[in-house]
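Peer 1: Following this line is coords-v2.txt, made up of compact mmCIF, C-alpha atoms:
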```
# COMPACT_ATOMS: atom_id res chain seq x y z
CA MET S 1 97.95 97.56 -107.19
CA ARG S 2 94.98 97.84 -104.92
CA ARG S 3 91.73 96.24 -105.78
CA LYS S 4 88.66 98.28 -105.31
CA ARG S 5 86.00 96.66 -103.12
CA GLU S 6 82.39 96.72 -104.20
CA LYS S 7 79.72 97.98 -101.89
CA ALA S 8 76.09 96.88 -101.72
CA ALA S 9 73.22 99.30 -101.99
CA GLY S 10 73.05 99.74 -98.20
CA GLY S 11 76.72 100.59 -98.01
CA ARG S 12 77.70 97.16 -96.78
CA ASP S 13 81.07 95.85 -97.85
CA LEU S 14 80.75 92.81 -100.11
CA GLY S 15 84.43 92.04 -100.17
CA GLY S 16 84.63 90.86 -96.56
CA ASN S 17 83.95 87.41 -95.17
CA GLY S 18 80.13 87.84 -95.51
CA GLY S 19 79.28 86.80 -91.91
CA PHE S 20 76.58 88.12 -89.61
CA THR S 21 77.26 90.48 -86.78
CA LEU S 22 76.65 89.54 -83.17
CA LEU S 23 73.84 92.08 -83.01
CA GLU S 24 72.02 90.51 -85.99
CA ILE S 25 72.25 87.01 -84.52
CA SER S 26 71.04 88.28 -81.12
CA VAL S 27 67.98 89.93 -82.69
CA VAL S 28 67.05 86.75 -84.59
CA VAL S 29 67.44 84.58 -81.47
CA ALA S 30 65.33 87.03 -79.43
CA LEU S 31 62.58 87.01 -82.09
CA LEU S 32 62.56 83.19 -82.17
CA GLY S 33 62.27 83.17 -78.37
CA VAL S 34 59.27 85.49 -78.46
CA ILE S 35 57.58 83.39 -81.17
CA MET S 36 58.15 80.18 -79.18
CA ALA S 37 56.88 81.77 -75.95
CA VAL S 38 53.67 82.80 -77.69
CA SER S 39 53.05 79.50 -79.52
CA LEU S 40 53.98 76.86 -76.89
CA PRO S 41 50.96 77.36 -74.59
CA GLY S 42 48.72 76.78 -77.60
CA LEU S 43 50.23 73.32 -78.09
CA GLY S 44 49.01 72.08 -74.68
CA LYS S 45 45.47 71.12 -75.75
CA PRO S 46 46.41 69.29 -78.97
CA LEU S 47 49.17 67.42 -77.14
CA ALA S 48 46.80 66.40 -74.33
CA TYR S 49 44.19 65.22 -76.86
CA TYR S 50 46.88 63.21 -78.66
CA ARG S 51 47.76 61.53 -75.34
CA LEU S 52 44.06 60.76 -74.79
CA LYS S 53 43.77 59.10 -78.21
CA VAL S 54 46.98 57.10 -77.63
CA ALA S 55 45.73 55.93 -74.21
CA ALA S 56 42.39 54.85 -75.72
CA SER S 57 44.20 52.98 -78.51
CA GLN S 58 46.45 51.21 -75.99
CA MET S 59 43.43 50.20 -73.87
CA ALA S 60 41.55 48.87 -76.91
CA GLN S 61 44.65 46.94 -77.99
CA ASP S 62 45.02 45.41 -74.52
CA LEU S 63 41.33 44.41 -74.47
CA ARG S 64 41.68 42.75 -77.88
CA GLU S 65 44.83 40.95 -76.77
CA ILE S 66 43.15 39.54 -73.65
CA GLN S 67 40.15 38.57 -75.75
CA GLN S 68 42.39 36.63 -78.14
CA THR S 69 44.29 35.03 -75.26
CA ALA S 70 40.99 33.80 -73.75
CA LEU S 71 40.05 32.36 -77.14
CA ASN S 72 43.41 30.67 -77.71
CA GLU S 73 43.60 29.15 -74.25
CA GLU S 74 39.86 28.42 -74.12
CA SER S 75 39.85 30.09 -70.73
CA ASP S 76 37.41 32.36 -68.93
CA LYS S 77 39.92 33.35 -66.27
CA TYR S 78 41.11 36.63 -67.86
CA ARG S 79 39.69 39.87 -66.52
CA VAL S 80 40.45 43.56 -66.98
CA PHE S 81 39.85 45.85 -63.97
CA PHE S 82 39.43 49.60 -64.51
CA ALA S 83 40.14 52.11 -61.73
CA ALA S 84 37.13 54.37 -62.33
CA GLY S 85 38.08 57.89 -61.32
CA GLY S 86 41.71 56.80 -61.45
CA SER S 87 44.53 56.58 -63.91
CA HIS S 88 45.25 52.89 -64.44
CA TYR S 89 43.80 49.50 -65.34
CA GLU S 90 44.95 45.94 -64.68
CA VAL S 91 44.84 42.69 -66.60
CA ARG S 92 44.43 39.74 -64.24
CA LYS S 93 44.22 35.98 -64.53
CA ALA S 94 42.31 33.99 -61.93
CA GLN S 95 44.33 31.28 -60.20
CA GLU S 96 43.10 28.12 -58.54
CA GLN S 97 42.80 28.57 -54.76
CA THR S 98 44.91 31.79 -54.76
CA LEU S 99 44.57 35.49 -55.47
CA PRO S 100 44.40 36.54 -59.12
CA GLN S 101 47.72 37.11 -60.84
CA VAL S 102 48.26 40.63 -62.17
CA ILE S 103 49.58 40.12 -65.68
CA LYS S 104 49.80 43.74 -66.65
CA ARG S 105 49.19 47.11 -64.97
CA VAL S 106 48.90 50.09 -67.31
CA TYR S 107 49.17 53.68 -66.07
CA LEU S 108 47.57 56.33 -68.24
CA PRO S 109 49.34 59.60 -69.09
CA PRO S 110 49.06 62.29 -66.36
CA THR S 111 46.45 64.29 -68.29
CA VAL S 112 44.18 61.26 -68.92
CA LYS S 113 41.80 59.68 -66.41
CA ILE S 114 39.17 56.95 -66.42
CA VAL S 115 35.94 58.82 -65.74
CA SER S 116 33.59 55.83 -65.55
CA THR S 117 32.75 52.38 -66.84
CA THR S 118 29.45 50.63 -67.49
CA PHE S 119 30.95 47.23 -66.67
CA LYS S 120 29.71 45.52 -63.51
CA ASP S 121 32.26 46.08 -60.73
CA ASN S 122 34.36 48.14 -63.21
CA ALA S 123 35.70 44.95 -64.78
CA VAL S 124 35.20 42.86 -67.90
CA THR S 125 35.81 39.11 -68.22
CA PHE S 126 36.10 37.40 -71.59
CA SER S 127 34.48 34.00 -72.08
CA VAL S 128 36.08 31.04 -73.85
CA LYS S 129 34.38 32.32 -77.03
CA GLY S 130 35.97 35.77 -76.69
CA THR S 131 32.74 37.54 -75.79
CA PRO S 132 32.48 39.82 -72.76
CA TYR S 133 30.84 38.22 -69.73
CA PRO S 134 28.19 38.93 -68.49
CA GLN S 135 27.79 41.76 -71.03
CA GLY S 136 29.67 44.41 -72.96
CA GLY S 137 30.19 47.94 -71.81
CA THR S 138 32.03 51.22 -72.18
CA VAL S 139 35.04 52.83 -70.56
CA THR S 140 34.98 56.64 -70.66
CA LEU S 141 38.36 58.38 -70.78
CA GLN S 142 38.81 62.13 -70.31
CA ASP S 143 41.54 64.58 -71.21
CA THR S 144 41.78 66.75 -68.07
CA VAL S 145 43.28 69.70 -69.98
CA SER S 146 40.46 70.25 -72.48
CA GLY S 147 37.73 68.07 -70.93
CA ARG S 148 37.30 66.04 -74.14
CA LEU S 149 35.99 62.48 -73.84
CA VAL S 150 36.82 59.28 -75.72
CA TYR S 151 34.88 56.03 -75.32
CA VAL S 152 36.33 52.52 -75.52
CA ILE S 153 33.34 50.32 -76.33
CA VAL S 154 33.09 46.52 -76.07
CA ALA S 155 30.03 45.16 -77.91
CA SER S 156 27.93 42.71 -75.91
CA ILE S 157 27.19 40.02 -78.50
CA THR S 158 30.27 40.06 -80.72
CA GLY S 159 32.90 41.33 -78.31
CA ARG S 160 34.03 43.91 -80.88
CA VAL S 161 36.28 46.53 -79.29
CA ARG S 162 36.19 50.02 -80.78
CA ILE S 163 37.03 53.62 -79.96
CA SER S 164 34.62 56.51 -80.46
CA THR S 165 34.53 60.23 -79.74
CA SER S 166 30.77 60.08 -79.31
CA PRO S 167 28.95 58.01 -76.68
CA PRO S 168 27.42 54.66 -77.64
CA GLU S 169 23.95 54.63 -79.19
CA SER S 170 22.59 53.02 -76.03
CA TRP S 171 23.19 56.29 -74.15
CA GLU S 172 20.91 59.31 -74.11
CA VAL S 173 21.26 62.84 -72.77
CA GLN S 174 18.91 63.87 -69.96
CA GLY S 175 19.33 67.20 -68.24
CA GLY S 176 22.86 67.59 -69.59
CA ALA S 177 23.99 64.19 -68.27
CA LEU S 178 24.50 60.95 -70.17
CA CYS S 179 22.34 58.02 -69.04
CA LEU S 180 22.38 54.41 -70.17
CA LYS S 181 19.12 53.30 -71.78
CA ALA S 182 17.63 49.93 -71.03
CA ARG S 183 16.11 47.91 -73.84
CA THR S 184 12.77 49.44 -72.88
CA GLY S 185 14.13 52.95 -73.46
CA LEU S 186 13.90 53.95 -69.78
CA PRO S 187 17.03 55.40 -68.13
CA PHE S 188 18.84 53.28 -65.55
```
Let me see whether you can do it: turn the structure in this file into structure tokens.

Peer 2:
Amino acid sequence: MRRKREKAAGGRDLGGNGGFTLLEISVVVALLGVIMAVSLPGLGKPLAYYRLKVAASQMAQDLREIQQTALNEESDKYRVFFAAGGSHYEVRKAQEQTLPQVIKRVYLPPTVKIVSTTFKDNAVTFSVKGTPYPQGGTVTLQDTVSGRLVYVIVASITGRVRISTSPPESWEVQGGALCLKARTGLPF
């Protein structure tokens, strides 16, 4: 005796194996491809900003580590050099009668660059007390995709290292450019 197969409202046979046709799968894959092609370019800016924040966090962590090492060893021989306008920084230790030893060289992601620093000679040295010598300063990092800036700030008196998306309070805007204020309030 033959069994009668049921049919769905659209005339589709429900008694078969219930799979999808090659045409249906092709349409779904094509639609997913179009959606991905439209959405991927929009992910470039958030991804570049994420890389900027990660690079700033890594730099702040390295500065804190060198600060702690100078404290632990009671040494003022540790220095961090920043390649202003470049894409890397170096941690060095001064040696007696020889060139400084490069302890660590860190390359930033391709979309991140060091725009500028306010440190003398683009370098900071930590004293035996962990404070920056001769003074604190700021390293400005930029995401080259969106142009956003992040500041890694080392406080002069305490040596506190922090990250900010706004420039330090000691900066002021003049004619669209940021300038460092002296204690008297006059731009440098």

Peer 1: Please provide the set of residues having any atom within 9 Å of Lys120 (chain S), restricted to all atoms listed in the file, with same-chain residues fewer than 3 positions apart removed, written as a VMD selection string.

Peer 2: chain S and resid 117 123 to 124 134 to 135 137

Peer 1: So that I can see what lies close to Gly130 (chain S), please list as a PyMOL selection string the residues with an atom at most 6 Å from it, counting all atoms listed in the file and leaving out residues fewer than 4 positions away in the same chain.

Peer 2: chain S and resi 67+71+126

Peer 1: Measuring between all atoms listed in the file, which one of S:Glu90, S:Tyr78, S:Ile157, S:Thr144 shows the shortest distance to Leu47 (chain S)?

Peer 2: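 Under the stated criterion, the closest residue is S:Thr144.
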
Peer 1: Return the single residue from S:Val38, S:Leu99, S:Leu149, S:Ala60 that is closest to Val80 (chain S), with distances computed using only C-alpha atoms.

Peer 2: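 Comparing S:Val38, S:Leu99, S:Leu149, S:Ala60 against Val80 (chain S), the winner is S:Ala60.
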
Peer 1: Determine, counting all atoms listed in the file, which protein, DNA and RNA residues have an atom within 12 Å of an atom of Thr131 (chain S); residues of the same chain fewer than 5 positions away are not included. Present the result as a PyMOL selection string.

Peer 2: chain S and resi 63-64+66-71+74-76+78-79+124-126+136-137+154-161

Peer 1: From the list S:Phe20, S:Tyr151, S:Lys77, S:Val28, which residue is nearest Pro132 (chain S) when using all atoms listed in the file?

Peer 2: S:Lys77

Peer 1: Please indicate the distance in Å from CA of Gly147 (chain S) to CA of Gly33 (chain S), rounded to one decimal place.

Peer 2: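 Computing the Euclidean distance for CA of Gly147 (chain S) and CA of Gly33 (chain S) yields 29.8 Å.
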
Peer 1: Would you please work out which residue, of S:Lys53, S:Lys104, S:Arg92, S:Lys45, is nearest to Thr140 (chain S) when using all atoms listed in the file?

Peer 2: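 So, comparing all the options, the nearest one is S:Lys53.
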
Peer 1: Tell me, in Å to one decimal, how far CA of Tyr49 (chain S) is from CA of Pro109 (chain S).

Peer 2: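 Answer for the CA of Tyr49 (chain S) to CA of Pro109 (chain S) separation: 10.9 Å.
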
Peer 1: Smallest atom-to-atom distance to Ser146 (chain S): which of S:Val106, S:Val112, S:Ala55, S:Val29, using all atoms listed in the file?

Peer 2: S:Val112

Peer 1: How far is it from CA of Gln58 (chain S) to CA of Val150 (chain S), in Å with one decimal?

Peer 2: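 Computing it gives 12.6 Å between the two atoms.
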
Peer 1: Return the single residue from S:Val91, S:Ala48, S:Ile153, S:Glu96 that is closest to Glu65 (chain S), with distances computed using all atoms listed in the file.

Peer 2: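 Answer, going by the shortest atom-to-atom distance: S:Val91.
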